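Asker: Just run.txt, nothing more (compact mmCIF, N, CA and C atoms):
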```
# COMPACT_ATOMS: atom_id res chain seq x y z
N MET R 17 6.88 -3.87 26.74
CA MET R 17 6.87 -2.68 25.91
C MET R 17 5.49 -2.03 26.01
N ASN R 18 5.47 -0.73 26.20
CA ASN R 18 4.18 -0.05 26.36
C ASN R 18 3.51 0.20 25.01
N LYS R 19 2.23 0.54 25.08
CA LYS R 19 1.41 0.72 23.87
C LYS R 19 1.94 1.83 22.97
N GLN R 20 2.40 2.92 23.58
CA GLN R 20 2.92 4.04 22.79
C GLN R 20 4.15 3.62 21.99
N MET R 21 5.04 2.87 22.62
CA MET R 21 6.25 2.40 21.95
C MET R 21 5.90 1.41 20.84
N THR R 22 4.97 0.51 21.10
CA THR R 22 4.55 -0.46 20.10
C THR R 22 3.97 0.26 18.88
N GLY R 23 3.14 1.27 19.12
CA GLY R 23 2.56 2.05 18.02
C GLY R 23 3.62 2.77 17.20
N LYS R 24 4.62 3.31 17.88
CA LYS R 24 5.69 4.02 17.17
C LYS R 24 6.50 3.05 16.32
N ILE R 25 6.78 1.88 16.85
CA ILE R 25 7.52 0.87 16.08
C ILE R 25 6.72 0.45 14.86
N ALA R 26 5.43 0.24 15.02
CA ALA R 26 4.57 -0.14 13.89
C ALA R 26 4.57 0.95 12.83
N TYR R 27 4.46 2.21 13.26
CA TYR R 27 4.47 3.33 12.32
C TYR R 27 5.79 3.38 11.56
N LEU R 28 6.90 3.30 12.28
CA LEU R 28 8.21 3.39 11.64
C LEU R 28 8.49 2.22 10.71
N SER R 29 8.09 1.01 11.11
CA SER R 29 8.31 -0.14 10.23
C SER R 29 7.45 -0.03 8.98
N GLY R 30 6.23 0.50 9.12
CA GLY R 30 5.37 0.72 7.96
C GLY R 30 5.94 1.78 7.02
N ALA R 31 6.45 2.87 7.59
CA ALA R 31 7.05 3.94 6.78
C ALA R 31 8.28 3.41 6.04
N TYR R 32 9.09 2.61 6.73
CA TYR R 32 10.27 2.02 6.09
C TYR R 32 9.84 1.11 4.93
N ALA R 33 8.84 0.27 5.16
CA ALA R 33 8.36 -0.64 4.12
C ALA R 33 7.80 0.15 2.93
N GLU R 34 7.08 1.23 3.19
CA GLU R 34 6.58 2.08 2.11
C GLU R 34 7.73 2.63 1.28
N ASN R 35 8.75 3.14 1.94
CA ASN R 35 9.91 3.70 1.22
C ASN R 35 10.60 2.63 0.38
N GLN R 36 10.74 1.44 0.91
CA GLN R 36 11.35 0.35 0.16
C GLN R 36 10.49 -0.04 -1.05
N ALA R 37 9.17 -0.06 -0.86
CA ALA R 37 8.27 -0.40 -1.96
C ALA R 37 8.33 0.67 -3.06
N VAL R 38 8.38 1.94 -2.67
CA VAL R 38 8.49 3.02 -3.66
C VAL R 38 9.76 2.84 -4.49
N ALA R 39 10.88 2.55 -3.82
CA ALA R 39 12.14 2.34 -4.54
C ALA R 39 12.06 1.12 -5.46
N ASP R 40 11.44 0.05 -4.98
CA ASP R 40 11.31 -1.17 -5.77
C ASP R 40 10.45 -0.94 -7.02
N TYR R 41 9.31 -0.28 -6.85
CA TYR R 41 8.45 0.01 -7.99
C TYR R 41 9.15 0.93 -8.98
N ALA R 42 9.89 1.92 -8.49
CA ALA R 42 10.61 2.84 -9.37
C ALA R 42 11.67 2.10 -10.18
N ARG R 43 12.38 1.15 -9.55
CA ARG R 43 13.38 0.36 -10.28
C ARG R 43 12.74 -0.42 -11.43
N ARG R 44 11.48 -0.77 -11.26
CA ARG R 44 10.79 -1.53 -12.31
C ARG R 44 10.08 -0.62 -13.31
N GLY R 45 10.33 0.69 -13.23
CA GLY R 45 9.82 1.61 -14.23
C GLY R 45 8.44 2.19 -13.95
N ASN R 46 7.95 2.03 -12.74
CA ASN R 46 6.65 2.59 -12.38
C ASN R 46 6.79 4.01 -11.86
N ARG R 47 5.82 4.84 -12.20
CA ARG R 47 5.82 6.22 -11.73
C ARG R 47 5.02 6.30 -10.44
N PHE R 48 5.60 6.89 -9.42
CA PHE R 48 4.94 7.09 -8.14
C PHE R 48 3.85 8.13 -8.30
N ALA R 49 2.62 7.83 -7.88
CA ALA R 49 1.51 8.76 -8.02
C ALA R 49 1.03 9.33 -6.69
N ALA R 50 0.97 8.49 -5.64
CA ALA R 50 0.46 9.00 -4.35
C ALA R 50 0.87 8.07 -3.21
N ARG R 51 1.00 8.67 -2.04
CA ARG R 51 1.27 7.92 -0.80
C ARG R 51 0.16 8.24 0.19
N ARG R 52 -0.38 7.20 0.78
CA ARG R 52 -1.44 7.32 1.79
C ARG R 52 -2.59 8.20 1.30
N TRP R 53 -3.05 7.89 0.09
CA TRP R 53 -4.16 8.66 -0.47
C TRP R 53 -5.43 8.29 0.29
N ARG R 54 -6.09 9.29 0.86
CA ARG R 54 -7.27 9.04 1.67
C ARG R 54 -8.52 9.56 0.97
N GLY R 55 -9.47 8.65 0.84
CA GLY R 55 -10.78 9.02 0.33
C GLY R 55 -11.80 8.86 1.43
N LYS R 56 -13.07 8.94 1.08
CA LYS R 56 -14.13 8.78 2.08
C LYS R 56 -14.20 7.34 2.59
N ALA R 57 -13.90 6.38 1.72
CA ALA R 57 -14.03 4.96 2.08
C ALA R 57 -12.86 4.47 2.93
N ASP R 58 -11.64 4.83 2.55
CA ASP R 58 -10.46 4.30 3.23
C ASP R 58 -9.23 4.96 2.65
N GLU R 59 -8.08 4.41 3.00
CA GLU R 59 -6.80 4.91 2.54
C GLU R 59 -6.12 3.86 1.67
N VAL R 60 -5.43 4.33 0.64
CA VAL R 60 -4.60 3.45 -0.17
C VAL R 60 -3.16 3.83 0.16
N ASP R 61 -2.36 2.85 0.58
CA ASP R 61 -0.99 3.15 1.02
C ASP R 61 -0.16 3.78 -0.07
N LEU R 62 -0.10 3.14 -1.24
CA LEU R 62 0.72 3.65 -2.35
C LEU R 62 -0.03 3.45 -3.66
N ILE R 63 0.17 4.39 -4.58
CA ILE R 63 -0.43 4.29 -5.91
C ILE R 63 0.67 4.56 -6.93
N PHE R 64 0.74 3.69 -7.94
CA PHE R 64 1.74 3.80 -9.00
C PHE R 64 1.07 3.71 -10.35
N SER R 65 1.76 4.24 -11.36
CA SER R 65 1.32 4.12 -12.75
C SER R 65 2.50 3.62 -13.57
N ASP R 66 2.21 2.72 -14.50
CA ASP R 66 3.28 2.24 -15.39
C ASP R 66 3.07 2.72 -16.82
N GLY R 67 2.15 3.65 -16.99
CA GLY R 67 1.85 4.17 -18.32
C GLY R 67 0.67 3.45 -18.96
N ALA R 68 0.49 2.19 -18.64
CA ALA R 68 -0.62 1.41 -19.20
C ALA R 68 -1.74 1.20 -18.18
N GLY R 69 -1.45 1.41 -16.93
CA GLY R 69 -2.45 1.19 -15.89
C GLY R 69 -1.99 1.70 -14.55
N ILE R 70 -2.80 1.44 -13.55
CA ILE R 70 -2.55 1.92 -12.20
C ILE R 70 -2.51 0.74 -11.25
N ASP R 71 -1.59 0.78 -10.30
CA ASP R 71 -1.49 -0.26 -9.28
C ASP R 71 -1.71 0.38 -7.91
N PHE R 72 -2.68 -0.15 -7.18
CA PHE R 72 -2.98 0.28 -5.83
C PHE R 72 -2.32 -0.72 -4.88
N VAL R 73 -1.46 -0.23 -3.99
CA VAL R 73 -0.63 -1.11 -3.17
C VAL R 73 -0.94 -0.92 -1.69
N GLU R 74 -1.19 -2.03 -1.02
CA GLU R 74 -1.36 -2.07 0.43
C GLU R 74 -0.07 -2.64 1.03
N ILE R 75 0.49 -1.96 2.01
CA ILE R 75 1.72 -2.39 2.65
C ILE R 75 1.37 -3.12 3.95
N LYS R 76 1.98 -4.27 4.15
CA LYS R 76 1.80 -5.03 5.40
C LYS R 76 3.18 -5.44 5.91
N THR R 77 3.41 -5.23 7.19
CA THR R 77 4.68 -5.63 7.80
C THR R 77 4.41 -6.61 8.94
N ALA R 78 5.34 -7.50 9.15
CA ALA R 78 5.25 -8.48 10.25
C ALA R 78 6.58 -9.20 10.36
N GLN R 79 6.68 -10.06 11.37
CA GLN R 79 7.92 -10.81 11.56
C GLN R 79 8.11 -11.87 10.49
N ASN R 80 7.02 -12.31 9.84
CA ASN R 80 7.15 -13.27 8.74
C ASN R 80 6.03 -13.06 7.73
N PHE R 81 6.20 -13.62 6.54
CA PHE R 81 5.24 -13.40 5.47
C PHE R 81 3.87 -13.99 5.77
N SER R 82 3.83 -15.08 6.48
CA SER R 82 2.55 -15.71 6.82
C SER R 82 1.68 -14.76 7.64
N VAL R 83 2.26 -14.14 8.63
CA VAL R 83 1.53 -13.20 9.47
C VAL R 83 1.15 -11.96 8.66
N ALA R 84 2.08 -11.45 7.86
CA ALA R 84 1.81 -10.25 7.05
C ALA R 84 0.64 -10.48 6.10
N SER R 85 0.58 -11.64 5.48
CA SER R 85 -0.48 -11.90 4.50
C SER R 85 -1.85 -12.03 5.16
N ARG R 86 -1.88 -12.39 6.44
CA ARG R 86 -3.16 -12.50 7.14
C ARG R 86 -3.63 -11.17 7.70
N ARG R 87 -2.84 -10.14 7.56
CA ARG R 87 -3.18 -8.84 8.15
C ARG R 87 -4.10 -7.99 7.28
N ILE R 88 -4.57 -8.50 6.19
CA ILE R 88 -5.54 -7.76 5.38
C ILE R 88 -6.84 -8.56 5.32
N SER R 89 -7.87 -8.00 5.90
CA SER R 89 -9.16 -8.68 5.99
C SER R 89 -9.96 -8.46 4.71
N SER R 90 -10.99 -9.27 4.52
CA SER R 90 -11.85 -9.09 3.35
C SER R 90 -12.56 -7.74 3.43
N ARG R 91 -12.90 -7.29 4.62
CA ARG R 91 -13.51 -5.96 4.78
C ARG R 91 -12.55 -4.88 4.32
N GLN R 92 -11.28 -4.99 4.72
CA GLN R 92 -10.29 -4.00 4.31
C GLN R 92 -10.08 -4.03 2.79
N GLN R 93 -10.09 -5.21 2.20
CA GLN R 93 -9.96 -5.32 0.75
C GLN R 93 -11.08 -4.56 0.05
N LYS R 94 -12.30 -4.72 0.54
CA LYS R 94 -13.45 -4.01 -0.05
C LYS R 94 -13.30 -2.50 0.10
N GLN R 95 -12.84 -2.06 1.28
CA GLN R 95 -12.65 -0.64 1.52
C GLN R 95 -11.58 -0.06 0.60
N ILE R 96 -10.51 -0.80 0.38
CA ILE R 96 -9.45 -0.34 -0.52
C ILE R 96 -9.98 -0.23 -1.95
N CYS R 97 -10.80 -1.18 -2.37
CA CYS R 97 -11.41 -1.12 -3.71
C CYS R 97 -12.28 0.12 -3.85
N LEU R 98 -13.07 0.42 -2.82
CA LEU R 98 -13.91 1.63 -2.85
C LEU R 98 -13.04 2.88 -2.92
N ALA R 99 -11.97 2.92 -2.14
CA ALA R 99 -11.06 4.06 -2.17
C ALA R 99 -10.40 4.19 -3.54
N ALA R 100 -10.04 3.06 -4.16
CA ALA R 100 -9.44 3.09 -5.50
C ALA R 100 -10.42 3.66 -6.52
N GLU R 101 -11.68 3.24 -6.44
CA GLU R 101 -12.70 3.79 -7.34
C GLU R 101 -12.83 5.29 -7.14
N GLU R 102 -12.80 5.73 -5.89
CA GLU R 102 -12.89 7.15 -5.60
C GLU R 102 -11.67 7.90 -6.15
N TYR R 103 -10.49 7.32 -5.99
CA TYR R 103 -9.27 7.93 -6.53
C TYR R 103 -9.40 8.11 -8.04
N LEU R 104 -9.84 7.06 -8.72
CA LEU R 104 -9.98 7.15 -10.18
C LEU R 104 -10.95 8.25 -10.57
N GLY R 105 -11.98 8.45 -9.75
CA GLY R 105 -12.95 9.51 -10.02
C GLY R 105 -12.40 10.91 -9.85
N THR R 106 -11.27 11.03 -9.16
CA THR R 106 -10.66 12.36 -8.96
C THR R 106 -9.63 12.69 -10.03
N GLN R 107 -9.33 11.73 -10.91
CA GLN R 107 -8.27 11.90 -11.90
C GLN R 107 -8.84 12.37 -13.24
N HIS R 108 -7.95 12.88 -14.07
CA HIS R 108 -8.39 13.32 -15.39
C HIS R 108 -8.83 12.11 -16.21
N GLU R 109 -9.54 12.34 -17.30
CA GLU R 109 -10.20 11.27 -18.06
C GLU R 109 -9.28 10.13 -18.49
N SER R 110 -8.07 10.43 -18.94
CA SER R 110 -7.20 9.36 -19.44
C SER R 110 -6.86 8.34 -18.35
N VAL R 111 -6.76 8.80 -17.12
CA VAL R 111 -6.49 7.88 -16.02
C VAL R 111 -7.77 7.22 -15.55
N ALA R 112 -8.83 8.00 -15.42
CA ALA R 112 -10.09 7.48 -14.90
C ALA R 112 -10.71 6.44 -15.81
N ASP R 113 -10.44 6.50 -17.10
CA ASP R 113 -11.04 5.56 -18.05
C ASP R 113 -10.20 4.31 -18.28
N THR R 114 -9.11 4.18 -17.59
CA THR R 114 -8.24 3.02 -17.81
C THR R 114 -8.90 1.73 -17.34
N ASP R 115 -8.70 0.69 -18.09
CA ASP R 115 -9.21 -0.63 -17.72
C ASP R 115 -8.17 -1.42 -16.95
N ALA R 116 -6.94 -0.95 -16.96
CA ALA R 116 -5.85 -1.70 -16.35
C ALA R 116 -5.54 -1.17 -14.94
N CYS R 117 -6.24 -1.73 -13.97
CA CYS R 117 -6.00 -1.39 -12.58
C CYS R 117 -5.64 -2.67 -11.85
N GLY R 118 -4.63 -2.57 -11.00
CA GLY R 118 -4.23 -3.73 -10.22
C GLY R 118 -4.20 -3.40 -8.75
N PHE R 119 -4.32 -4.44 -7.95
CA PHE R 119 -4.25 -4.31 -6.50
C PHE R 119 -3.17 -5.27 -6.01
N SER R 120 -2.24 -4.74 -5.23
CA SER R 120 -1.13 -5.55 -4.74
C SER R 120 -1.01 -5.41 -3.24
N ILE R 121 -0.54 -6.47 -2.63
CA ILE R 121 -0.16 -6.41 -1.23
C ILE R 121 1.35 -6.56 -1.20
N SER R 122 2.02 -5.57 -0.66
CA SER R 122 3.47 -5.61 -0.55
C SER R 122 3.80 -5.99 0.89
N GLU R 123 4.35 -7.18 1.06
CA GLU R 123 4.64 -7.69 2.40
C GLU R 123 6.11 -7.50 2.73
N TRP R 124 6.37 -7.01 3.92
CA TRP R 124 7.73 -6.76 4.37
C TRP R 124 7.91 -7.39 5.74
N THR R 125 9.03 -8.02 5.95
CA THR R 125 9.31 -8.66 7.23
C THR R 125 10.54 -8.03 7.86
N TRP R 126 10.68 -8.24 9.14
CA TRP R 126 11.87 -7.79 9.85
C TRP R 126 12.36 -8.92 10.74
N ARG R 127 13.60 -8.81 11.08
CA ARG R 127 14.21 -9.80 11.98
C ARG R 127 14.14 -9.30 13.40
N ASN R 128 13.85 -10.19 14.29
CA ASN R 128 13.86 -9.86 15.71
C ASN R 128 15.31 -9.85 16.17
N SER R 129 15.75 -8.73 16.72
CA SER R 129 17.15 -8.61 17.14
C SER R 129 17.48 -9.51 18.32
N ASP R 130 16.47 -10.06 18.98
CA ASP R 130 16.70 -10.96 20.11
C ASP R 130 16.99 -12.39 19.69
N SER R 131 16.79 -12.71 18.39
CA SER R 131 16.99 -14.11 17.97
C SER R 131 18.20 -14.27 17.10
```
Write the structure described by the file as structure tokens, please.

Answerer:
Amino acid sequence: MNKQMTGKIAYLSGAYAENQAVADYARRGNRFAARRWRGKADEVDLIFSDGAGIDFVEIKTAQNFSVASRRISSRQQKQICLAAEEYLGTQHESVADTDACGFSISEWTWRNSDS
């Protein structure tokens, strides 16, 4: 498989996982706030609010959960935290002053059609 095809598959699987996560969070009563919010530090894949706080969500996809969980480095975690701080700084006071912020990794797997 060529690099262009691999990149397209990664993009599409990530977009699918984001859509599934949005639906899952909505079922649990969370309000969708932003998708792929980009600040100077980095990008946050999804941002939700439950009325009491904000959850910043990083989406990871892989063939299994073990691989997906290893796909977020400590450097990336720091960058996401910086982006989250920046996001909060762009919001009105009631959101920016909240003490209830969470960070989640939403892991999604797919089955290999060859197995």

Asker: Would you please work out which residue, of R:Ala57, R:Ala42, R:Ala78, R:Ile70, is nearest to Ser29 (chain R) when using all atoms listed in the file?

Answerer: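 When distances to Ser29 (chain R) are compared using all atoms listed in the file, the smallest one comes from R:Ala78.
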
Asker: Would you kindly return, as a list in words, each protein, DNA or RNA residue with an atom no farther than 6 Å from any atom of Gly69 (chain R), considering all atoms listed in the file and excluding same-chain residues fewer than 3 positions away?

Answerer: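 Within the cut-off, the hits are Phe64, Ser65, Asp66, Ala116 and Cys117 of chain R.
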
Asker: Residues as selected, N, CA and C atoms, written as a PDB file, in the frame of the given file, can you do that?

Answerer:
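Saved to result_34.pdb:
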```pdb
ATOM      1  N   PHE R  64       0.740   3.690  -7.940  1.00  0.00           N
ATOM      2  CA  PHE R  64       1.740   3.800  -9.000  1.00  0.00           C
ATOM      3  C   PHE R  64       1.070   3.710 -10.350  1.00  0.00           C
ATOM      4  N   SER R  65       1.760   4.240 -11.360  1.00  0.00           N
ATOM      5  CA  SER R  65       1.320   4.120 -12.750  1.00  0.00           C
ATOM      6  C   SER R  65       2.500   3.620 -13.570  1.00  0.00           C
ATOM      7  N   ASP R  66       2.210   2.720 -14.500  1.00  0.00           N
ATOM      8  CA  ASP R  66       3.280   2.240 -15.390  1.00  0.00           C
ATOM      9  C   ASP R  66       3.070   2.720 -16.820  1.00  0.00           C
ATOM     10  N   ALA R 116      -6.940  -0.950 -16.960  1.00  0.00           N
ATOM     11  CA  ALA R 116      -5.850  -1.700 -16.350  1.00  0.00           C
ATOM     12  C   ALA R 116      -5.540  -1.170 -14.940  1.00  0.00           C
ATOM     13  N   CYS R 117      -6.240  -1.730 -13.970  1.00  0.00           N
ATOM     14  CA  CYS R 117      -6.000  -1.390 -12.580  1.00  0.00           C
ATOM     15  C   CYS R 117      -5.640  -2.670 -11.850  1.00  0.00           C
TER      16      CYS R 117
END
```

Asker: To one decimal place, how far is CA of Ala84 (chain R) from CA of Leu104 (chain R) in Å?

Answerer: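 These atoms are spaced 27.2 Å apart.
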
Asker: Please extract the residues of chain R with a backbone DSSP assignment of alpha helix (DSSP H) and present them as a ChimeraX atom specification.

Answerer: /R:19-43,81-85,90-106,109-112

Asker: Pick from R:Ala99, R:Ile121, R:Leu28, R:Val83: nearest to Gly55 (chain R), with only N, CA and C atoms counted?

Answerer: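 Using only N, CA and C atoms, Gly55 (chain R) sits closest to R:Ala99.
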
Asker: Quick one: of R:Val60, R:Ile25, R:Ala50, R:Leu98, who's nearest to Ile75 (chain R), counting only N, CA and C atoms?

Answerer: R:Val60

Asker: Give me, please, the distance in Å between CA of Asn80 (chain R) and CA of Glu123 (chain R), quoted to one decimal.

Answerer: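 Those two atoms sit 8.8 Å apart.
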
Asker: At what distance in Å, to one decimal, does atom N of Asp71 (chain R) lie from atom C of Asp40 (chain R)?

Answerer: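 Taking atom C of Asp40 (chain R) and atom N of Asp71 (chain R), their separation equals 12.6 Å.
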
Asker: Enumerate, as a PyMOL selection string, the complete set of residues in chain R that a backbone-based DSSP assignment places in strand (DSSP E or B).

Answerer: chain R and resi 47-54+59-65+70-78+117-125

Asker: Mind giving me the axis-aligned box for region 57-60 of chain R with 5 Å on every side, centre plus edges in Å to one decimal, as JSON?

Answerer:
```
{"center_x": -8.6, "center_y": 4.9, "center_z": 1.5, "size_x": 20.9, "size_y": 12.9, "size_z": 13.4}
```

Asker: Under the rule that only C-alpha atoms are counted, which of R:Arg43, R:Tyr32, R:Phe48, R:Trp53 is the nearest residue to Thr106 (chain R)?

Answerer: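 Once distances to Thr106 (chain R) are computed over only C-alpha atoms, the minimum belongs to R:Trp53.
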
Asker: Using all atoms listed in the file, pick whichever of R:Ser120, R:Tyr27, R:Glu34, R:Thr22 has the shortest atom-to-atom distance to Glu74 (chain R).

Answerer: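 Looking only at the distances to Glu74 (chain R), the closest residue turns out to be R:Ser120.
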
Asker: Pick from R:Gln107, R:Ser89, R:Ser82, R:Phe72: nearest to Phe119 (chain R), with only N, CA and C atoms counted?

Answerer: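 Under the stated criterion, the closest residue is R:Phe72.
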
Asker: Every residue with an atom at most 9 Å from (10.9, -3.2, 4.6) (file coordinates; only C-alpha atoms) is what I'm after, so could you write them as number ranges by chain?

Answerer: R: 29-37, 77, 123-126

Asker: For the selection just defined, write its residues with N, CA and C atoms to a file, as a PDB file, keeping the file's coordinate frame.

Answerer:
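Final output, out.pdb:
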```
ATOM      1  N   SER R  29       8.090   1.010  11.110  1.00  0.00           N
ATOM      2  CA  SER R  29       8.310  -0.140  10.230  1.00  0.00           C
ATOM      3  C   SER R  29       7.450  -0.030   8.980  1.00  0.00           C
ATOM      4  N   GLY R  30       6.230   0.500   9.120  1.00  0.00           N
ATOM      5  CA  GLY R  30       5.370   0.720   7.960  1.00  0.00           C
ATOM      6  C   GLY R  30       5.940   1.780   7.020  1.00  0.00           C
ATOM      7  N   ALA R  31       6.450   2.870   7.590  1.00  0.00           N
ATOM      8  CA  ALA R  31       7.050   3.940   6.780  1.00  0.00           C
ATOM      9  C   ALA R  31       8.280   3.410   6.040  1.00  0.00           C
ATOM     10  N   TYR R  32       9.090   2.610   6.730  1.00  0.00           N
ATOM     11  CA  TYR R  32      10.270   2.020   6.090  1.00  0.00           C
ATOM     12  C   TYR R  32       9.840   1.110   4.930  1.00  0.00           C
ATOM     13  N   ALA R  33       8.840   0.270   5.160  1.00  0.00           N
ATOM     14  CA  ALA R  33       8.360  -0.640   4.120  1.00  0.00           C
ATOM     15  C   ALA R  33       7.800   0.150   2.930  1.00  0.00           C
ATOM     16  N   GLU R  34       7.080   1.230   3.190  1.00  0.00           N
ATOM     17  CA  GLU R  34       6.580   2.080   2.110  1.00  0.00           C
ATOM     18  C   GLU R  34       7.730   2.630   1.280  1.00  0.00           C
ATOM     19  N   ASN R  35       8.750   3.140   1.940  1.00  0.00           N
ATOM     20  CA  ASN R  35       9.910   3.700   1.220  1.00  0.00           C
ATOM     21  C   ASN R  35      10.600   2.630   0.380  1.00  0.00           C
ATOM     22  N   GLN R  36      10.740   1.440   0.910  1.00  0.00           N
ATOM     23  CA  GLN R  36      11.350   0.350   0.160  1.00  0.00           C
ATOM     24  C   GLN R  36      10.490  -0.040  -1.050  1.00  0.00           C
ATOM     25  N   ALA R  37       9.170  -0.060  -0.860  1.00  0.00           N
ATOM     26  CA  ALA R  37       8.270  -0.400  -1.960  1.00  0.00           C
ATOM     27  C   ALA R  37       8.330   0.670  -3.060  1.00  0.00           C
ATOM     28  N   THR R  77       3.410  -5.230   7.190  1.00  0.00           N
ATOM     29  CA  THR R  77       4.680  -5.630   7.800  1.00  0.00           C
ATOM     30  C   THR R  77       4.410  -6.610   8.940  1.00  0.00           C
ATOM     31  N   GLU R 123       4.350  -7.180   1.060  1.00  0.00           N
ATOM     32  CA  GLU R 123       4.640  -7.690   2.400  1.00  0.00           C
ATOM     33  C   GLU R 123       6.110  -7.500   2.730  1.00  0.00           C
ATOM     34  N   TRP R 124       6.370  -7.010   3.920  1.00  0.00           N
ATOM     35  CA  TRP R 124       7.730  -6.760   4.370  1.00  0.00           C
ATOM     36  C   TRP R 124       7.910  -7.390   5.740  1.00  0.00           C
ATOM     37  N   THR R 125       9.030  -8.020   5.950  1.00  0.00           N
ATOM     38  CA  THR R 125       9.310  -8.660   7.230  1.00  0.00           C
ATOM     39  C   THR R 125      10.540  -8.030   7.860  1.00  0.00           C
ATOM     40  N   TRP R 126      10.680  -8.240   9.140  1.00  0.00           N
ATOM     41  CA  TRP R 126      11.870  -7.790   9.850  1.00  0.00           C
ATOM     42  C   TRP R 126      12.360  -8.920  10.740  1.00  0.00           C
TER      43      TRP R 126
END
```
